[in-house]
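*Asks:* Dropping in target_28.cif, with mmCIF, C-alpha atoms.
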data_structure
loop_
_atom_site.group_PDB
_atom_site.id
_atom_site.type_symbol
_atom_site.label_atom_id
_atom_site.label_comp_id
_atom_site.auth_asym_id
_atom_site.auth_seq_id
_atom_site.Cartn_x
_atom_site.Cartn_y
_atom_site.Cartn_z
ATOM 1 C CA MET M 13 66.466 136.942 40.928
ATOM 2 C CA LEU M 14 65.208 139.367 43.541
ATOM 3 C CA ASP M 15 66.865 137.390 46.348
ATOM 4 C CA ALA M 16 70.174 137.389 44.460
ATOM 5 C CA LEU M 17 69.894 141.124 43.883
ATOM 6 C CA ALA M 18 69.102 141.797 47.540
ATOM 7 C CA ALA M 19 72.127 139.683 48.525
ATOM 8 C CA ASN M 20 74.353 141.354 45.905
ATOM 9 C CA ASP M 21 75.084 137.835 44.620
ATOM 10 C CA VAL M 22 76.730 138.623 41.294
ATOM 11 C CA GLU M 23 77.417 134.976 40.422
ATOM 12 C CA ARG M 24 73.753 134.028 40.817
ATOM 13 C CA LEU M 25 72.661 137.052 38.805
ATOM 14 C CA GLU M 26 75.119 136.237 36.011
ATOM 15 C CA ALA M 27 73.851 132.636 35.914
ATOM 16 C CA LEU M 28 70.314 133.845 35.191
ATOM 17 C CA ALA M 29 71.396 135.241 31.814
ATOM 18 C CA LEU M 30 72.271 133.198 28.747
ATOM 19 C CA SER M 31 75.728 131.683 28.764
ATOM 20 C CA GLU M 32 77.949 131.661 25.705
ATOM 21 C CA MET M 33 77.199 127.963 25.195
ATOM 22 C CA GLU M 34 73.417 128.519 25.401
ATOM 23 C CA PHE M 35 73.647 131.412 22.975
ATOM 24 C CA ARG M 36 75.848 129.396 20.595
ATOM 25 C CA THR M 37 73.847 126.155 20.611
ATOM 26 C CA VAL M 38 70.259 127.283 21.195
ATOM 27 C CA VAL M 39 69.772 130.908 20.197
ATOM 28 C CA TRP M 40 72.273 131.721 17.465
ATOM 29 C CA PRO M 41 71.329 128.981 14.956
ATOM 30 C CA GLU M 42 67.747 130.299 14.758
ATOM 31 C CA LEU M 43 68.471 134.034 14.595
ATOM 32 C CA PRO M 44 68.209 135.678 11.183
ATOM 33 C CA SER M 45 71.525 137.425 11.866
ATOM 34 C CA SER M 46 73.283 134.033 11.937
ATOM 35 C CA ARG M 47 72.659 133.417 8.238
ATOM 36 C CA PRO M 48 75.897 133.291 6.252
ATOM 37 C CA GLU M 49 74.710 135.969 3.821
ATOM 38 C CA ARG M 50 74.474 138.425 6.722
ATOM 39 C CA GLY M 51 78.179 138.040 7.384
ATOM 40 C CA LEU M 52 77.862 138.581 11.147
ATOM 41 C CA PRO M 53 80.371 136.417 13.005
ATOM 42 C CA PHE M 54 79.178 134.583 16.104
ATOM 43 C CA ASP M 55 82.053 135.954 18.181
ATOM 44 C CA TYR M 56 81.052 139.526 17.378
ATOM 45 C CA ALA M 57 77.343 138.925 18.127
ATOM 46 C CA TRP M 58 78.063 137.147 21.413
ATOM 47 C CA GLY M 59 80.766 139.593 22.469
ATOM 48 C CA ASP M 60 78.498 142.579 21.888
ATOM 49 C CA LEU M 61 75.520 141.006 23.684
ATOM 50 C CA HIS M 62 77.636 139.790 26.593
ATOM 51 C CA GLN M 63 79.450 143.095 27.109
ATOM 52 C CA LYS M 64 76.257 145.160 27.005
ATOM 53 C CA SER M 65 74.491 142.726 29.338
ATOM 54 C CA ASN M 66 77.367 142.771 31.836
ATOM 55 C CA ASN M 67 77.475 146.570 31.781
ATOM 56 C CA ALA M 68 73.718 146.711 32.385
ATOM 57 C CA LEU M 69 74.051 144.175 35.225
ATOM 58 C CA ARG M 70 76.729 146.318 36.887
ATOM 59 C CA ARG M 71 74.430 149.374 36.688
ATOM 60 C CA LEU M 72 71.547 147.298 38.095
ATOM 61 C CA ILE M 73 73.672 146.114 41.013
ATOM 62 C CA ALA M 74 74.909 149.646 41.706
ATOM 63 C CA GLY M 75 71.349 150.948 41.837
ATOM 64 C CA GLU M 76 69.362 148.105 43.362
ATOM 65 C CA ALA M 77 71.667 145.777 45.339
ATOM 66 C CA GLY M 78 70.444 145.357 48.890
ATOM 67 C CA GLN M 79 66.859 146.341 48.049
ATOM 68 C CA ARG M 80 64.307 143.763 49.135
ATOM 69 C CA TYR M 81 61.228 143.135 47.023
ATOM 70 C CA ASP M 82 58.521 140.498 47.006
ATOM 71 C CA LEU M 83 57.585 139.390 43.506
ATOM 72 C CA LEU M 84 53.910 139.755 42.636
ATOM 73 C CA ALA M 85 54.020 139.106 38.872
ATOM 74 C CA VAL M 86 56.227 139.015 35.796
ATOM 75 C CA GLU M 87 54.718 140.628 32.738
ATOM 76 C CA PHE M 88 55.860 141.396 29.201
ATOM 77 C CA ASP M 89 54.734 144.621 27.575
ATOM 78 C CA GLY M 90 56.410 143.992 24.215
ATOM 79 C CA GLU M 91 55.922 141.509 21.453
ATOM 80 C CA SER M 92 56.946 137.900 21.764
ATOM 81 C CA THR M 93 58.749 136.236 18.877
ATOM 82 C CA ALA M 94 58.460 132.488 18.418
ATOM 83 C CA TYR M 95 61.410 130.667 16.869
ATOM 84 C CA ASP M 96 61.568 126.937 16.152
ATOM 85 C CA THR M 97 62.685 125.878 19.641
ATOM 86 C CA TYR M 98 62.228 128.961 21.833
ATOM 87 C CA THR M 99 60.257 132.171 22.288
ATOM 88 C CA VAL M 100 61.664 135.581 23.159
ATOM 89 C CA HIS M 101 59.437 137.774 25.341
ATOM 90 C CA ARG M 102 60.266 141.491 25.257
ATOM 91 C CA GLU M 103 59.916 144.463 27.605
ATOM 92 C CA SER M 104 59.965 142.535 30.864
ATOM 93 C CA ARG M 105 58.342 144.156 33.857
ATOM 94 C CA LEU M 106 58.191 142.958 37.449
ATOM 95 C CA ALA M 107 55.322 143.853 39.725
ATOM 96 C CA VAL M 108 56.818 143.867 43.222
ATOM 97 C CA ARG M 109 56.102 144.927 46.757
ATOM 98 C CA GLY M 110 58.821 146.826 48.590
ATOM 99 C CA ASP M 111 59.723 146.574 52.263
ATOM 100 C CA ASP M 112 57.430 149.510 52.963
ATOM 101 C CA GLY M 113 54.444 147.665 51.451
ATOM 102 C CA ALA M 114 54.275 149.868 48.336
ATOM 103 C CA GLU M 115 53.659 148.120 45.035
ATOM 104 C CA LEU M 116 56.089 149.023 42.265
ATOM 105 C CA GLN M 117 56.663 148.225 38.610
ATOM 106 C CA LEU M 118 60.342 147.549 37.856
ATOM 107 C CA ARG M 119 62.289 146.974 34.665
ATOM 108 C CA LEU M 120 65.392 145.203 35.906
ATOM 109 C CA PHE M 121 66.360 143.214 32.803
ATOM 110 C CA GLY M 122 65.552 142.922 29.138
ATOM 111 C CA SER M 123 64.071 140.161 27.073
ATOM 112 C CA VAL M 124 63.459 136.671 28.403
ATOM 113 C CA LEU M 125 63.971 133.457 26.472
ATOM 114 C CA GLU M 126 61.458 130.662 27.094
ATOM 115 C CA ARG M 127 62.369 127.127 26.061
ATOM 116 C CA ASN M 128 60.706 123.879 27.110
ATOM 117 C CA GLY M 129 58.920 125.636 29.959
ATOM 118 C CA GLU M 130 62.149 127.118 31.329
ATOM 119 C CA PHE M 131 63.171 130.772 31.312
ATOM 120 C CA LYS M 132 66.527 132.545 30.973
ATOM 121 C CA LEU M 133 67.296 136.223 30.753
ATOM 122 C CA PHE M 134 68.341 137.054 27.225
ATOM 123 C CA SER M 135 70.320 139.908 28.713
ATOM 124 C CA TYR M 136 70.254 142.560 31.399
ATOM 125 C CA VAL M 137 69.880 145.305 28.812
ATOM 126 C CA VAL M 138 66.459 146.818 29.414
ATOM 127 C CA ASP M 139 64.712 146.909 26.060
#
Could you write out this file's structure as structure tokens?

*Replies:*
Amino acid sequence: MLDALAANDVERLEALALSEMEFRTVVWPELPSSRPERGLPFDYAWGDLHQKSNNALRRLIAGEAGQRYDLLAVEFDGESTAYDTYTVHRESRLAVRGDDGAELQLRLFGSVLERNGEFKLFSYVVD
């Protein structure tokens, strides 16, 4: 992620977040908001998430593109919620070292979905 940000590689950054297909087939069926009695259409939920994430990604790129960081650790300050087939980790924080050697704590994206030992950004909206 940090290499893609430093290179201003928007395609790579977009690929780190959930795709519509991943949201539809993996995430949505297990979310409470997907229950028919809630009346929330998939298209609305995905459209809202995707638009907000893309807007947050554009702000991230505008503020951080070209910056070089070395990753020291990924930590989650918020609660994690376990669903049947995945876990959502909230309040992501990266411990990094900048080019000048200073250690920083950065919040560059929001929640992270963990499934079968793999990780995807839920969105770029910093929660």

*Asks:* When you draw a straight line from atom CA of M:Leu69 to atom CA of M:Val137, how long is it in Å?

*Replies:* 7.7 Å

*Asks:* I need the residue nearest M:Leu30 from this list: M:His62, M:Gly51, M:Ala85, M:Arg127. Use only C-alpha atoms for the distance.

*Replies:*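 Counting only C-alpha atoms, the residue closest to M:Leu30 is M:His62.
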
*Asks:* Using only C-alpha atoms for the distances, tell me which of M:Leu52, M:Ala27, M:Ala18, M:Leu118 is nearest to M:Leu133.

*Replies:*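 Result for the nearest residue to M:Leu133: M:Ala27.
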
*Asks:* Tell me which protein, DNA and RNA residues are within 12 Å of M:Gly122, counting all atoms listed in the file, leaving out same-chain ones fewer than 2 positions away, and put them as a ChimeraX atom specification.

*Replies:* /M:28-30,61,64-65,68-69,72,87-90,100-106,118-120,124-125,132-139

*Asks:* Determine the nearest neighbour of M:Asp96 from the options M:Val108, M:Val38, M:Ala19, M:Leu84, counting all atoms listed in the file.

*Replies:*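 For M:Asp96, the nearest of the candidates is M:Val38.
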
*Asks:* Which residue, M:Glu23, M:Phe54, M:Gln63, M:Asp112, has the smallest gap to M:Pro41 when you use all atoms listed in the file?

*Replies:* M:Phe54

*Asks:* Apply the PyMOL selection byres ((chain M and resi 82) around 12) to the structure shown and report the selected residues as a PyMOL selection string.

*Replies:* chain M and resi 13-15+17-18+79-81+83-86+106-118

*Asks:* Tell me, in Å to one decimal, how far atom CA of M:Thr37 is from atom CA of M:Arg71.

*Replies:*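 Calculated distance between atom CA of M:Thr37 and atom CA of M:Arg71 is 28.2 Å.
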
*Asks:* List as a ChimeraX atom specification the protein and nucleic acid residues near M:Tyr56, meaning an atom at most 12 Å away when only C-alpha atoms are counted, but skip any in the same chain fewer than 6 places from it.

*Replies:* /M:32,36,40,45-46,62-63

*Asks:* One number please: atom CA of M:Asn20 to atom CA of M:Ile73, in Å, one decimal.

*Replies:* 6.9 Å

*Asks:* For M:Val39, which of M:Phe121, M:Ala57, M:Asp21, M:Glu91 is the closest residue, counting all atoms listed in the file?

*Replies:*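 The closest residue to M:Val39 is M:Ala57.
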
*Asks:* Could you tell me which of M:Thr93, M:Ala16, M:Tyr98, M:Arg47 comes closest to M:Glu34 if we count only C-alpha atoms?

*Replies:*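 Closest residue, counting only C-alpha atoms: M:Tyr98.
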
*Asks:* Please complete stretch 27-42 of chain M with N, CA and C atoms and give it back as a PDB file, keeping the file's coordinate frame.

*Replies:*
ATOM      1  N   ALA M  27      74.338 133.949  36.341  1.00  0.00           N
ATOM      2  CA  ALA M  27      73.851 132.636  35.914  1.00  0.00           C
ATOM      3  C   ALA M  27      72.426 132.675  35.383  1.00  0.00           C
ATOM      4  N   LEU M  28      71.689 133.724  35.682  1.00  0.00           N
ATOM      5  CA  LEU M  28      70.314 133.845  35.191  1.00  0.00           C
ATOM      6  C   LEU M  28      70.259 134.236  33.718  1.00  0.00           C
ATOM      7  N   ALA M  29      71.340 134.821  33.223  1.00  0.00           N
ATOM      8  CA  ALA M  29      71.396 135.241  31.814  1.00  0.00           C
ATOM      9  C   ALA M  29      71.989 134.113  30.968  1.00  0.00           C
ATOM     10  N   LEU M  30      71.731 134.188  29.670  1.00  0.00           N
ATOM     11  CA  LEU M  30      72.271 133.198  28.747  1.00  0.00           C
ATOM     12  C   LEU M  30      73.785 133.110  28.859  1.00  0.00           C
ATOM     13  N   SER M  31      74.288 131.902  28.826  1.00  0.00           N
ATOM     14  CA  SER M  31      75.728 131.683  28.764  1.00  0.00           C
ATOM     15  C   SER M  31      76.152 131.682  27.295  1.00  0.00           C
ATOM     16  N   GLU M  32      77.449 131.729  27.082  1.00  0.00           N
ATOM     17  CA  GLU M  32      77.949 131.661  25.705  1.00  0.00           C
ATOM     18  C   GLU M  32      77.516 130.360  25.040  1.00  0.00           C
ATOM     19  N   MET M  33      77.579 129.256  25.766  1.00  0.00           N
ATOM     20  CA  MET M  33      77.199 127.963  25.195  1.00  0.00           C
ATOM     21  C   MET M  33      75.708 127.943  24.838  1.00  0.00           C
ATOM     22  N   GLU M  34      74.860 128.472  25.697  1.00  0.00           N
ATOM     23  CA  GLU M  34      73.417 128.519  25.401  1.00  0.00           C
ATOM     24  C   GLU M  34      73.146 129.397  24.190  1.00  0.00           C
ATOM     25  N   PHE M  35      73.833 130.528  24.121  1.00  0.00           N
ATOM     26  CA  PHE M  35      73.647 131.412  22.975  1.00  0.00           C
ATOM     27  C   PHE M  35      74.124 130.723  21.699  1.00  0.00           C
ATOM     28  N   ARG M  36      75.274 130.051  21.774  1.00  0.00           N
ATOM     29  CA  ARG M  36      75.848 129.396  20.595  1.00  0.00           C
ATOM     30  C   ARG M  36      74.987 128.231  20.097  1.00  0.00           C
ATOM     31  N   THR M  37      74.513 127.396  21.017  1.00  0.00           N
ATOM     32  CA  THR M  37      73.847 126.155  20.611  1.00  0.00           C
ATOM     33  C   THR M  37      72.333 126.267  20.472  1.00  0.00           C
ATOM     34  N   VAL M  38      71.716 127.179  21.209  1.00  0.00           N
ATOM     35  CA  VAL M  38      70.259 127.283  21.195  1.00  0.00           C
ATOM     36  C   VAL M  38      69.789 128.497  20.399  1.00  0.00           C
ATOM     37  N   VAL M  39      70.300 129.658  20.745  1.00  0.00           N
ATOM     38  CA  VAL M  39      69.772 130.908  20.197  1.00  0.00           C
ATOM     39  C   VAL M  39      70.323 131.215  18.810  1.00  0.00           C
ATOM     40  N   TRP M  40      71.625 131.256  18.691  1.00  0.00           N
ATOM     41  CA  TRP M  40      72.273 131.721  17.465  1.00  0.00           C
ATOM     42  C   TRP M  40      71.815 130.988  16.201  1.00  0.00           C
ATOM     43  N   PRO M  41      71.711 129.662  16.196  1.00  0.00           N
ATOM     44  CA  PRO M  41      71.329 128.981  14.956  1.00  0.00           C
ATOM     45  C   PRO M  41      69.974 129.409  14.386  1.00  0.00           C
ATOM     46  N   GLU M  42      69.086 129.933  15.225  1.00  0.00           N
ATOM     47  CA  GLU M  42      67.747 130.299  14.758  1.00  0.00           C
ATOM     48  C   GLU M  42      67.587 131.793  14.476  1.00  0.00           C
TER      49      GLU M  42
END
